[in-house]
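Asker: Hey, dropping target.txt in here, compact mmCIF, C-alpha atoms and all ligand atoms:
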```txt
# COMPACT_ATOMS: atom_id res chain seq x y z
CA MET B 1 7.77 -42.40 -0.50
CA VAL B 2 8.59 -38.74 -1.01
CA ILE B 3 6.38 -36.25 0.78
CA SER B 4 6.72 -32.71 -0.52
CA VAL B 5 5.73 -29.93 1.81
CA LYS B 6 4.98 -26.63 0.12
CA THR B 7 6.38 -23.50 1.66
CA ASN B 8 4.09 -20.53 2.33
CA LYS B 9 5.85 -18.69 -0.47
CA SER B 10 5.08 -21.36 -3.06
CA VAL B 11 1.44 -21.68 -1.88
CA TYR B 12 1.09 -17.90 -2.28
CA TYR B 13 2.64 -17.90 -5.75
CA ASP B 14 0.39 -20.77 -6.85
CA ILE B 15 -2.59 -18.55 -6.01
CA TYR B 16 -0.95 -15.49 -7.59
CA SER B 17 -0.09 -17.26 -10.85
CA GLU B 18 -3.74 -18.05 -11.64
CA PHE B 19 -4.39 -14.30 -11.74
CA TYR B 20 -1.13 -13.27 -13.37
CA ASN B 21 -1.86 -15.54 -16.33
CA VAL B 22 -4.81 -13.34 -17.30
CA ASN B 23 -3.92 -10.43 -19.64
CA LYS B 24 -6.41 -8.00 -18.11
CA PHE B 25 -4.98 -8.68 -14.66
CA ARG B 26 -1.42 -7.99 -15.88
CA GLU B 27 -2.66 -4.65 -17.28
CA LEU B 28 -2.95 -3.47 -13.66
CA LYS B 29 0.84 -3.14 -13.69
CA SER B 30 0.55 -0.04 -15.88
CA ILE B 31 -2.04 1.78 -13.76
CA MET B 32 -1.02 4.25 -11.04
CA HIS B 33 -2.39 3.45 -7.59
CA HIS B 34 -1.35 5.27 -4.38
CA GLY B 35 1.84 6.48 -6.06
CA ASP B 36 2.85 2.97 -7.20
CA ASN B 37 1.11 0.59 -9.64
CA ARG B 38 -2.15 -1.27 -8.94
CA LEU B 39 -0.62 -4.74 -9.32
CA ASN B 40 1.97 -3.99 -6.61
CA HIS B 41 -0.80 -2.67 -4.35
CA ILE B 42 -2.87 -5.83 -4.87
CA ASN B 43 0.17 -8.01 -4.27
CA ARG B 44 0.91 -6.27 -0.96
CA VAL B 45 -2.71 -6.52 0.24
CA ALA B 46 -2.91 -10.18 -0.85
CA LYS B 47 0.40 -11.14 0.84
CA LEU B 48 -0.62 -9.50 4.10
CA SER B 49 -4.11 -11.08 3.92
CA PHE B 50 -2.50 -14.47 3.22
CA ASN B 51 -0.21 -14.22 6.27
CA VAL B 52 -2.91 -12.91 8.62
CA SER B 53 -5.55 -15.45 7.53
CA LYS B 54 -3.05 -18.32 7.81
CA PHE B 55 -2.04 -17.14 11.27
CA LEU B 56 -5.71 -16.93 12.33
CA LYS B 57 -6.43 -20.34 10.77
CA CYS B 58 -9.13 -18.96 8.44
CA ASP B 59 -9.85 -19.96 4.85
CA TYR B 60 -6.60 -18.40 3.64
CA ILE B 61 -7.13 -19.39 0.01
CA SER B 62 -10.45 -17.53 -0.30
CA CYS B 63 -9.04 -14.64 1.71
CA THR B 64 -5.99 -14.31 -0.56
CA ARG B 65 -8.06 -14.76 -3.73
CA GLY B 66 -10.52 -12.10 -2.54
CA ALA B 67 -7.60 -9.73 -1.90
CA MET B 68 -6.18 -10.48 -5.39
CA MET B 69 -9.44 -9.33 -6.99
CA HIS B 70 -10.40 -6.47 -4.66
CA ASP B 71 -9.12 -3.72 -6.99
CA PHE B 72 -9.38 -5.62 -10.28
CA PHE B 73 -10.42 -2.80 -12.60
CA THR B 74 -8.80 -0.72 -15.33
CA LYS B 75 -9.18 2.88 -16.53
CA GLU B 76 -11.23 1.54 -19.43
CA ASP B 77 -13.72 -0.03 -16.97
CA LEU B 78 -14.18 3.34 -15.27
CA THR B 79 -14.79 5.05 -18.62
CA LYS B 80 -17.19 2.33 -19.78
CA THR B 81 -19.23 2.51 -16.58
CA ASN B 82 -19.05 6.31 -16.63
CA THR B 83 -17.66 6.37 -13.09
CA LYS B 84 -16.78 9.93 -12.11
CA TYR B 85 -13.99 10.72 -9.66
CA ASN B 86 -16.40 11.59 -6.82
CA LYS B 87 -18.18 8.23 -7.18
CA PHE B 88 -15.00 6.20 -7.65
CA LEU B 89 -14.48 5.16 -4.02
CA LYS B 90 -17.99 3.75 -3.77
CA MET B 91 -18.28 2.29 -7.27
CA HIS B 92 -15.01 0.47 -7.89
CA PRO B 93 -15.78 -2.60 -5.68
CA THR B 94 -18.80 -3.36 -7.92
CA ILE B 95 -16.70 -2.94 -11.07
CA ALA B 96 -13.99 -5.20 -9.60
CA LEU B 97 -16.64 -7.79 -8.70
CA ASN B 98 -18.02 -7.79 -12.27
CA ASN B 99 -14.52 -8.37 -13.63
CA ALA B 100 -13.84 -11.10 -11.06
CA ASN B 101 -17.04 -12.90 -12.11
CA LYS B 102 -16.13 -12.53 -15.75
CA TYR B 103 -12.56 -13.83 -15.55
CA PHE B 104 -12.50 -16.21 -12.56
CA GLU B 105 -14.61 -18.70 -10.62
CA ILE B 106 -15.33 -17.03 -7.31
CA ASN B 107 -16.99 -18.24 -4.10
CA GLU B 108 -19.19 -16.36 -1.61
CA ILE B 109 -16.30 -15.35 0.68
CA GLU B 110 -14.29 -13.95 -2.22
CA GLU B 111 -17.34 -12.09 -3.51
CA ASP B 112 -17.93 -10.56 -0.08
CA ALA B 113 -14.26 -9.56 0.26
CA ILE B 114 -14.32 -7.71 -3.07
CA LYS B 115 -17.72 -6.08 -2.51
CA THR B 116 -17.09 -4.84 1.03
CA HIS B 117 -13.39 -3.93 1.03
CA MET B 118 -14.22 -0.20 1.03
CA TYR B 119 -16.35 -0.40 4.20
CA PRO B 120 -17.14 2.04 5.92
CA ILE B 121 -17.06 4.25 2.80
CA THR B 122 -19.54 1.79 1.29
CA LYS B 123 -22.43 0.79 3.54
CA GLU B 124 -22.31 -3.00 3.41
CA LYS B 125 -20.21 -4.57 6.20
CA PRO B 126 -17.89 -7.53 5.54
CA LYS B 127 -19.76 -10.72 6.52
CA TYR B 128 -16.90 -13.19 6.93
CA LYS B 129 -13.66 -13.18 8.94
CA GLU B 130 -11.77 -13.43 5.64
CA SER B 131 -13.48 -10.37 4.14
CA LYS B 132 -12.82 -8.40 7.35
CA ILE B 133 -9.13 -9.29 7.01
CA VAL B 134 -9.04 -8.04 3.39
CA CYS B 135 -10.83 -4.83 4.40
CA ILE B 136 -8.33 -4.10 7.21
CA CYS B 137 -5.23 -5.15 5.24
CA ASP B 138 -6.29 -2.89 2.35
CA LYS B 139 -6.52 0.09 4.75
CA LEU B 140 -3.15 -0.63 6.36
CA ILE B 141 -1.38 -1.10 3.02
CA SER B 142 -3.05 1.99 1.51
CA PHE B 143 -1.89 4.01 4.49
CA TYR B 144 1.65 2.67 4.16
CA GLU B 145 1.68 3.35 0.39
CA PHE B 146 0.40 6.86 0.88
CA PHE B 147 3.32 7.70 3.15
CA ARG B 148 5.93 5.78 1.20
CA PHE B 149 5.00 6.63 -2.40
CA GLU B 150 2.71 9.67 -2.36
CA LEU B 151 4.61 11.60 0.30
CA GLY B 152 7.97 10.00 -0.51
CA ILE B 153 8.76 9.19 3.09
CA THR B 154 11.49 6.59 3.30
CA TYR B 155 10.76 2.95 3.94
CA VAL B 156 12.27 2.99 7.41
CA PHE B 157 10.28 6.02 8.50
CA ALA B 158 7.03 4.64 7.04
CA TYR B 159 7.69 1.33 8.82
CA ILE B 160 8.32 3.04 12.15
CA PHE B 161 5.20 5.15 11.70
CA CYS B 162 2.89 2.27 10.71
CA VAL B 163 4.21 -0.43 12.99
CA ARG B 164 5.53 1.42 16.03
CA VAL B 165 3.09 4.30 16.29
CA LEU B 166 -0.18 2.86 14.98
CA ILE B 167 0.00 -0.76 16.12
FE FE B 201 -10.27 -0.51 -3.53
FE FE B 202 -7.03 -1.64 -2.47
```
Show the structure stored in the file as structure tokens.
Answerer:
Amino acid sequence: MVISVKTNKSVYYDIYSEFYNVNKFRELKSIMHHGDNRLNHINRVAKLSFNVSKFLKCDYISCTRGAMMHDFFTKEDLTKTNTKYNKFLKMHPTIALNNANKYFEINEIEEDAIKTHMYPITKEKPKYKESKIVCICDKLISFYEFFRFELGITYVFAYIFCVRVLI
């Protein structure tokens, strides 16, 4: 009898491939986000959420799936919903949640992770451990991306700043 044990990497890419097979999701690759593209941002947040939730023995599949969909929106969605720049930070979780419901089957934890990832900018607090992980990982990654891509600070310096100074 052959027992195959999946590595963390292959479990992660199994989750990722469900999303990457959807055209609208792949469109995120062409949208700027924190000086990089939105798909790379999502991938970083989802990988970190996957590792943290596995380490904490949470529902890592829902946590990673929630992270995959947390910023699932395009420029067209913002135009369609008439979302102005000043409302963008508060509105985009709802737009991402509508898209998630339209393109994927989502559970309560994933819905909460998408809806509350901008807390405390939005009022509703994350209800589950998994959604709290997505909310924190999104902040850490956004901070890292801001320094690395927006300010152009090198990888090593950004790493030292984020890991050595802040944690
Ligand atoms: Fe977001
Ligand atoms: Fe994000």
Asker: Could you state the separation of atom CA of Thr83 of chain B and atom CA of Cys63 of chain B in Å, given to one decimal place?
Answerer: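 We find that atom CA of Thr83 of chain B and atom CA of Cys63 of chain B lie 27.1 Å from each other.
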Asker: At a cut-off of 10 Å, can you tabulate as a tab-separated table every residue of segment 89-120 of chain B near segment 74-80 of chain B together with its closest atom pair and the distance in Å to one decimal, using only C-alpha atoms and ordering rows by chain then number?
Answerer:
```
residue	atom	partner	partner_atom	distance
B:Met91	CA	B:Leu78	CA	9.1
B:His92	CA	B:Leu78	CA	8.0
B:Ile95	CA	B:Asp77	CA	7.2
B:Ala96	CA	B:Thr74	CA	8.9
B:Asn99	CA	B:Asp77	CA	9.0
```
Asker: Kindly compile the residues surrounding ligand FE 202 (chain B) within 8 Å, counting all atoms listed in the file, and format them as a ChimeraX atom specification.
Answerer: /B:41-42,45,70-71,117,138-139,141-142
Asker: Go through B:His34, B:Lys6, B:Lys47, B:Lys57 and flag the residue nearest Arg148 of chain B, using all atoms listed in the file for the distances.
Answerer: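 Going through B:His34, B:Lys6, B:Lys47, B:Lys57 one by one, the smallest distance to Arg148 of chain B is for B:His34.
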Asker: Using only C-alpha atoms and all ligand atoms, which of the listed residues (B:Met118, B:Ile3, B:Cys137, B:Met32) sits closest to ligand FE 201 (chain B)?
Answerer: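 The closest residue to ligand FE 201 (chain B) is B:Met118.
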Asker: With distances taken over all atoms listed in the file, which of B:Arg26, B:Lys84, B:Arg44, B:Lys90 is nearest to Ala67 of chain B?
Answerer: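 Under the stated criterion, the closest residue is B:Arg44.
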Asker: Neighbouring residues of Thr94 of chain B were defined as those with any atom within 8 Å, considering all atoms listed in the file; residues of the same chain fewer than 3 positions away were excluded. Please report them as a list in words.
Answerer: Met91, Leu97, Asn98, Ile114 and Lys115 of chain B
Asker: Calculated over only C-alpha atoms and all ligand atoms, which of the candidates B:Glu110, B:Asn82, B:Arg38, B:Pro126 has the smallest distance to ligand FE 201 (chain B)?
Answerer: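 Selected residue with least distance to ligand FE 201 (chain B): B:Arg38.
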Asker: Find the residues with any atom within 12 Å of (-9.1, -18.8, 10.1); use only C-alpha atoms and the coordinates as given in the file, and write the answer as a PyMOL selection string.
Answerer: chain B and resi 49-64+128-133
Asker: Between B:Phe72, B:Phe25, B:Tyr12, B:Phe143, which is the closest to ligand FE 201 (chain B) once you count all atoms listed in the file?
Answerer: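 Counting all atoms listed in the file, the residue closest to ligand FE 201 (chain B) is B:Phe72.
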Asker: Please, what distance in Å, to one decimal, runs between atom CA of Ile106 of chain B and atom CA of Ile15 of chain B?
Answerer: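 Here the two named atoms are 12.9 Å from each other.
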Asker: With distances taken over all atoms listed in the file, which residue among B:Leu28, B:Ile153, B:Ile109, B:Val5 lies nearest Val134 of chain B?
Answerer: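 Closest to Val134 of chain B, using all atoms listed in the file: B:Ile109.
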Asker: As an exercise, work out the distance from atom CA of Leu89 of chain B to atom CA of Ile136 of chain B in Å and give it to one decimal place.
Answerer: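 Separating atom CA of Leu89 of chain B from atom CA of Ile136 of chain B is a distance of 15.8 Å.
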Asker: Give the centre and edge lengths of an axis-aligned box, in Å to one decimal, that holds all listed atoms of segment 14-18 of chain B with 4 Å on each side, as AutoDock Vina command-line options.
Answerer:
```
--center_x -1.7 --center_y -18.1 --center_z -8.8 --size_x 12.1 --size_y 13.3 --size_z 13.6
```
